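Only one structure is covered here, and it is reproduced in the block below.
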Amino acid sequence: MDGVKTKCASSAKNGNGWNSIDWNKSERKVRKLQVRIAKAQKEKRYNKVKALQHLLVTSFQAKALAVKRVTSNKGKRTSGVDNVKWTTPTDKLDAIRSLKRRGYHPRPLKRVYIAKSNGKKRPLGIPTMKDRAMQALYLMALEPVTETVADGNSYGFRKYRRTADAIDALHRWLSRDCSPGWILEGDIKGCFDHISHDWLLSNVRTDKTVLGKWLKCGVVFNKLLTPTVEGTPQGGIISPTLANATLDGMEKLLEENYAARYKDGKLYYPKVHLVRYADDFCVTADQRETLEDIKVLLTEFLAKRRLTLSEEKMKITHVRDGFDFLGFNVRKYNGTLLIKPSKKSQKRFTEKLHDIVFGHKSVSQQALIERLNPVLRGWGNYYKHVVSKQVFSKADHILTLQLKRWSYRRHTNKSRKWIKDKYFIKTGSRNWTFGIKCEACDKKRTFALMKLADIPIERYIKVKNDANPFDTTWDTYFERRNTKRLRVRSA
């Protein structure tokens with residue numbers, strides 16, 4: 001009898017344990033519930049939303065997917081204040097059984113600080129593995145709601161949306177001759193750290209009891225427990241969605257106040273548009289005075305959530321002077337809009353390449369190429385949708401100079417020709433390609449450093465504003481976009 005009692009009913013139901021769970025079946029069941037939640041939210045049947053959310057967070061499949069998420073991402077190597085990690089299948093199966101609302105009390109967050117680009121430090125709150133899994137579980141029930149009511153031009157921390165969508169939105173609004181010329185660059189001061197707990201508990205459609213426990217769990221730093229009276233911690237799985245839910249409504253507010261209207265007997269278009277990525281946003285308008293009024297309006301909107309605009313980062317500029325947004329520089333040259341990688345981004349990238357090259361002075365040429373290629377590919381793919389060909393060529397030239405210095409340092413008593421023949425090969429019309437040529441092979445093969453200039457520049461088409469991944473009417477649209485993206489990658 002004791003042996004029977006110690007077995008998990010869920011594990012018996014699903015086979016021999018963690019490794020026998022049918023993940024495809026689990027994803028289908030959770031997806032089906034999420035679609036029903038989104039439909040109920042769209043129809044404003046809020047009691048139905050609550051009932052379906054409860055059904056989802058109590059299902060075995062959702063709990064299993066939540067545990068799988070926190071044990072398969074990068075955070076699996078980081079523990080919370082309890083120093084517990086789920087590494088074995090037994091640990092993960094026990095974790096599924098522990099995800100219960102009754103008697104649940106989250107542990108305090110572990111405070112760590114990471115450096116920001118401006119020299120300041122960003123505070124992160126690291127929850128325990130169990131708290132992360134609980135947040136992932138309740139996030140599955142919350143996301144269909146937030147996606148249904150979200151602003152159309154909000155692109156941060158949302159499914160099937162990324163920075164390229166935000167940049168394409170700016171290109172559509174600013175590229176024409178009749179486009180607005182003035183831009184308000186906005187940033188919210190300490191967005192995650194200062195969100196009102198009362199506002200979240202009153203407006204976010206999720207379990208209020210569990211949400212309140214997360215918000216009030218406290219922070220431990222240097223073995224000292226500090227209570228949390230405001231904000232949602234950066235580092236929590238559900239925090240980005242809570243931040244998005246807090247800021248949703250900004251676009252609708254501007255649409256209501258600055259829609260086309262009659263002025264002096266004529267139809268007047270203020271050309272007000274807002275694009276937001278997390279807590280960074282831009283607002284366009286045809287007049288500077290309009291943006292000054294919008295600044296006051298947004299200040300009042302954020303004050304209800306105990307948030308303030310960052311005065312040091314917020315400014316009003318003309319598109320002819322250009323502005324930086326999400327690592328891109330947007331500017332009109334003689335009436336033509338060009339979007340390029342920003343100077344700051346280029347500088348950070350070349351510094352990163354310098355650190356990789358001269359931080360690995362003694363590694364083999366092959367090992368250095370293996371370290372550089374993923375960095376080059378990632379940076380190139382991020383900027384391949386804008387005017388980047390000249391910037392790519394410049395970055396390739398700088399990296400070649402760095403690699404020449406790297407190779408000269410290794411052989412101070414050798415001639416320049418000997419070093420070139422050893423470390424550089426000719427590919428096409430290029431004489432200075434950092435790579436290795438295999439002469440012993442039957443077929444001559446090369447292993448070379450990739451060139452950013454070889455990445456083709458492709459126009460990106462942004463996702464439609466109303467597209468909802470939890471609405472079945474958009475399934476064909478998302479499948480078509482994913483198929484097109486996979487086709488481009490394979491090519």
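By convention here, the chains of the structure tokens are called A, B, ... in the order presented, each chain's residues are numbered starting at 1, and ligands are numbered starting at 1 in the order presented.
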Excluding Gly125 (chain A) and residues on its chain fewer than 2 positions from it, collect all residues at most 8 Å away from it, counting only C-alpha atoms, and give them as a PDB file with N, CA, C and O atoms, in the first residue's frame.
```pdb
ATOM      1  N   LEU A 109      12.380  37.400  -3.597  1.00  0.00           N
ATOM      2  CA  LEU A 109      13.215  37.429  -4.792  1.00  0.00           C
ATOM      3  C   LEU A 109      14.676  37.628  -4.417  1.00  0.00           C
ATOM      4  O   LEU A 109      14.989  38.290  -3.431  1.00  0.00           O
ATOM      5  N   LYS A 110      15.561  37.061  -5.218  1.00  0.00           N
ATOM      6  CA  LYS A 110      16.993  37.288  -5.031  1.00  0.00           C
ATOM      7  C   LYS A 110      17.416  38.469  -5.896  1.00  0.00           C
ATOM      8  O   LYS A 110      17.277  38.427  -7.117  1.00  0.00           O
ATOM      9  N   ARG A 111      17.920  39.520  -5.260  1.00  0.00           N
ATOM     10  CA  ARG A 111      18.282  40.750  -5.970  1.00  0.00           C
ATOM     11  C   ARG A 111      19.688  40.655  -6.555  1.00  0.00           C
ATOM     12  O   ARG A 111      20.650  40.317  -5.849  1.00  0.00           O
ATOM     13  N   VAL A 112      19.796  40.907  -7.850  1.00  0.00           N
ATOM     14  CA  VAL A 112      21.091  41.017  -8.523  1.00  0.00           C
ATOM     15  C   VAL A 112      21.049  42.273  -9.390  1.00  0.00           C
ATOM     16  O   VAL A 112      19.973  42.768  -9.760  1.00  0.00           O
ATOM     17  N   PRO A 123      18.318  46.730 -11.658  1.00  0.00           N
ATOM     18  CA  PRO A 123      18.027  45.704 -10.652  1.00  0.00           C
ATOM     19  C   PRO A 123      17.167  44.585 -11.221  1.00  0.00           C
ATOM     20  O   PRO A 123      16.182  44.831 -11.910  1.00  0.00           O
ATOM     21  N   PRO A 127      13.186  35.007  -9.064  1.00  0.00           N
ATOM     22  CA  PRO A 127      12.329  34.132  -8.256  1.00  0.00           C
ATOM     23  C   PRO A 127      12.910  32.728  -8.160  1.00  0.00           C
ATOM     24  O   PRO A 127      13.818  32.357  -8.895  1.00  0.00           O
ATOM     25  N   VAL A 219      12.151  41.326  -1.366  1.00  0.00           N
ATOM     26  CA  VAL A 219      13.424  41.135  -2.064  1.00  0.00           C
ATOM     27  C   VAL A 219      14.525  40.914  -1.040  1.00  0.00           C
ATOM     28  O   VAL A 219      14.573  41.594  -0.005  1.00  0.00           O
ATOM     29  N   PRO A 233       8.872  42.833 -10.498  1.00  0.00           N
ATOM     30  CA  PRO A 233      10.330  42.641 -10.626  1.00  0.00           C
ATOM     31  C   PRO A 233      10.765  42.261 -12.033  1.00  0.00           C
ATOM     32  O   PRO A 233      10.142  41.417 -12.686  1.00  0.00           O
ATOM     33  N   GLN A 234      11.838  42.900 -12.525  1.00  0.00           N
ATOM     34  CA  GLN A 234      12.471  42.461 -13.762  1.00  0.00           C
ATOM     35  C   GLN A 234      13.209  41.158 -13.469  1.00  0.00           C
ATOM     36  O   GLN A 234      14.041  41.098 -12.588  1.00  0.00           O
ATOM     37  N   GLY A 235      12.895  40.158 -14.199  1.00  0.00           N
ATOM     38  CA  GLY A 235      13.458  38.840 -13.972  1.00  0.00           C
ATOM     39  C   GLY A 235      12.368  37.796 -13.827  1.00  0.00           C
ATOM     40  O   GLY A 235      12.618  36.612 -13.998  1.00  0.00           O
ATOM     41  N   GLY A 236      11.149  38.241 -13.529  1.00  0.00           N
ATOM     42  CA  GLY A 236      10.023  37.326 -13.450  1.00  0.00           C
ATOM     43  C   GLY A 236       9.447  37.048 -14.830  1.00  0.00           C
ATOM     44  O   GLY A 236       9.427  37.924 -15.703  1.00  0.00           O
TER      45      GLY A 236
END
```
Quick one: everything within 9 Å of Phe325 (chain A), counting only C-alpha atoms, minus sequence neighbours fewer than 6 positions away in the same chain. Send it as a ChimeraX atom specification. /A:167,185,280-282,342
Keeping only C-alpha atoms, take the residues you just selected and write them out as a compact mmCIF listing (two decimals), in the first residue's frame.
```txt
# COMPACT_ATOMS: atom_id res chain seq x y z
CA ILE A 167 10.75 49.89 -37.39
CA GLU A 185 11.00 60.13 -28.24
CA ASP A 280 10.25 52.78 -25.19
CA PHE A 281 7.91 54.59 -27.54
CA CYS A 282 7.74 57.20 -30.30
CA SER A 342 22.68 53.82 -35.03
```
Fewer than 3 positions away in the same chain doesn't count, so skip those; otherwise give me all residues within 12 Å of Thr209 (chain A), counting only C-alpha atoms, as a list in words. Arg101, Arg102, Gly103, Tyr104, His105, Pro106, Tyr138, Leu200, Leu201, Ser202, Val204, Arg205, Thr206, Gly212, Lys213, Trp214, Leu215 and Lys216 of chain A
Can I get the selection written as a CSV table (one decimal), in the first residue's frame, with N, CA, C and O atoms?
```
chain,number,residue,atom,x,y,z
A,101,ARG,N,-2.5,26.2,-6.1
A,101,ARG,CA,-2.9,27.5,-5.6
A,101,ARG,C,-3.1,27.4,-4.1
A,101,ARG,O,-2.7,28.3,-3.4
A,102,ARG,N,-3.7,26.4,-3.6
A,102,ARG,CA,-4.0,26.3,-2.2
A,102,ARG,C,-2.7,26.1,-1.4
A,102,ARG,O,-1.9,25.2,-1.7
A,103,GLY,N,-2.5,27.0,-0.4
A,103,GLY,CA,-1.3,26.9,0.4
A,103,GLY,C,0.0,27.5,-0.3
A,103,GLY,O,1.1,27.3,0.3
A,104,TYR,N,-0.2,28.1,-1.4
A,104,TYR,CA,1.0,28.6,-2.1
A,104,TYR,C,1.5,29.9,-1.5
A,104,TYR,O,0.7,30.9,-1.3
A,105,HIS,N,2.7,30.0,-1.2
A,105,HIS,CA,3.4,31.2,-0.7
A,105,HIS,C,4.7,31.4,-1.4
A,105,HIS,O,5.7,30.6,-1.1
A,106,PRO,N,4.8,32.4,-2.2
A,106,PRO,CA,6.1,32.6,-3.0
A,106,PRO,C,7.2,33.0,-2.0
A,106,PRO,O,7.0,33.7,-1.0
A,138,TYR,N,0.4,30.7,-14.8
A,138,TYR,CA,-0.6,31.7,-14.9
A,138,TYR,C,-0.5,32.6,-16.1
A,138,TYR,O,-1.5,33.3,-16.5
A,200,LEU,N,-2.6,47.3,-10.8
A,200,LEU,CA,-2.5,45.9,-11.3
A,200,LEU,C,-3.6,45.0,-10.8
A,200,LEU,O,-4.2,44.3,-11.5
A,201,LEU,N,-3.8,45.1,-9.5
A,201,LEU,CA,-4.8,44.2,-8.9
A,201,LEU,C,-6.2,44.6,-9.3
A,201,LEU,O,-7.1,43.7,-9.3
A,202,SER,N,-6.4,45.8,-9.7
A,202,SER,CA,-7.7,46.3,-10.1
A,202,SER,C,-8.0,46.0,-11.5
A,202,SER,O,-9.2,45.9,-11.9
A,204,VAL,N,-5.8,44.0,-14.0
A,204,VAL,CA,-5.3,42.8,-14.7
A,204,VAL,C,-6.2,41.6,-14.5
A,204,VAL,O,-6.5,41.3,-13.3
A,205,ARG,N,-6.7,41.0,-15.6
A,205,ARG,CA,-7.6,40.0,-15.4
A,205,ARG,C,-6.9,38.6,-15.2
A,205,ARG,O,-6.8,37.8,-16.1
A,206,THR,N,-6.5,38.4,-13.9
A,206,THR,CA,-5.9,37.2,-13.5
A,206,THR,C,-6.3,36.9,-12.1
A,206,THR,O,-7.0,37.7,-11.5
A,212,GLY,N,-1.3,39.2,-6.1
A,212,GLY,CA,-1.0,40.0,-4.9
A,212,GLY,C,0.2,39.4,-4.1
A,212,GLY,O,1.1,40.1,-3.6
A,213,LYS,N,0.3,38.0,-4.0
A,213,LYS,CA,1.4,37.4,-3.3
A,213,LYS,C,2.7,37.6,-4.1
A,213,LYS,O,3.7,37.8,-3.4
A,214,TRP,N,2.7,37.6,-5.4
A,214,TRP,CA,3.9,37.8,-6.2
A,214,TRP,C,4.4,39.3,-6.0
A,214,TRP,O,5.6,39.5,-5.8
A,215,LEU,N,3.4,40.2,-6.0
A,215,LEU,CA,3.8,41.6,-5.9
A,215,LEU,C,4.3,42.0,-4.5
A,215,LEU,O,5.2,42.9,-4.4
A,216,LYS,N,3.9,41.3,-3.5
A,216,LYS,CA,4.3,41.6,-2.1
A,216,LYS,C,5.3,40.7,-1.5
A,216,LYS,O,5.5,40.7,-0.3
```
Residues within 12 Å of Asp321 (chain A), only C-alpha atoms, excluding chain neighbours under 4 positions, as a list of chain:residue names: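 Once the nearby chain positions are removed, what remains is A:Gly181, A:Trp182, A:Ile183, A:Ile316, A:Thr317, A:Asn329, A:Val330, A:Arg331, A:Lys332, A:Tyr333, A:Asn334, A:Gly335, A:Leu337, A:Leu338.
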Can I get the selected residues back with C-alpha atoms, as a JSON list (two decimals), in the first residue's frame?
```json
[["chain", "number", "residue", "atom", "x", "y", "z"],
["A", 181, "GLY", "CA", 7.77, 65.67, -39.43],
["A", 182, "TRP", "CA", 7.95, 65.88, -35.64],
["A", 183, "ILE", "CA", 8.82, 63.01, -33.31],
["A", 316, "ILE", "CA", 11.14, 66.28, -29.41],
["A", 317, "THR", "CA", 13.06, 66.23, -32.71],
["A", 329, "ASN", "CA", 18.73, 55.76, -36.65],
["A", 330, "VAL", "CA", 15.70, 57.18, -38.48],
["A", 331, "ARG", "CA", 16.32, 60.30, -40.56],
["A", 332, "LYS", "CA", 15.22, 62.02, -43.75],
["A", 333, "TYR", "CA", 17.94, 63.04, -46.20],
["A", 334, "ASN", "CA", 16.67, 65.57, -48.77],
["A", 335, "GLY", "CA", 13.14, 64.22, -48.38],
["A", 337, "LEU", "CA", 13.73, 58.49, -45.31],
["A", 338, "LEU", "CA", 16.68, 56.22, -44.52]]
```
What's the separation between CA of Tyr460 (chain A) and CA of Val275 (chain A), in Å to one decimal place?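 These atoms are spaced 16.4 Å apart.
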Which of region 105-302 of chain A fall in strand (DSSP E or B), as an MDAnalysis selection string: chainID A and resid 109:115 121:126 154 182:188 219:221 224:226 234 236 261:263 266:268 273:277 280:285
CA of Trp379 (chain A) to CA of Ser429 (chain A) measures 24.2 Å
For Lys343 (chain A), please output as a PyMOL selection string all residues within 10 Å (counting only C-alpha atoms; exclusion window: fewer than 5 positions along the same chain). chain A and resi 324+327-329+348-349+391
Nearest-residue call for Ile339 (chain A), choices A:Val357, A:Leu174, A:Ala278, A:Leu184, using only C-alpha atoms: A:Leu174
So that I can see what lies close to region 25-42 of chain A, please list as number ranges by chain the residues with an atom at most 10 Å from it, counting only C-alpha atoms and leaving out residues fewer than 6 positions away in the same chain. A: 48-53, 55-57, 59-65, 140-149, 205, 468-472
Within 6 Å of Trp18 (chain A), counting only C-alpha atoms, which residues show up once you throw out same-chain ones fewer than 2 positions away? Write them as a list in words, please.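 My reading of the contact set: Ser20, Ile21, Pro89 and Leu93 of chain A.
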Would you mind writing down, as a PyMOL selection string, each residue of region 93-293 of chain A that DSSP on the backbone assigns to alpha helix (DSSP H)? chain A and resi 93-98+129-149+163-174+191-194+197-203+208-215+239-247+250-257+288-293
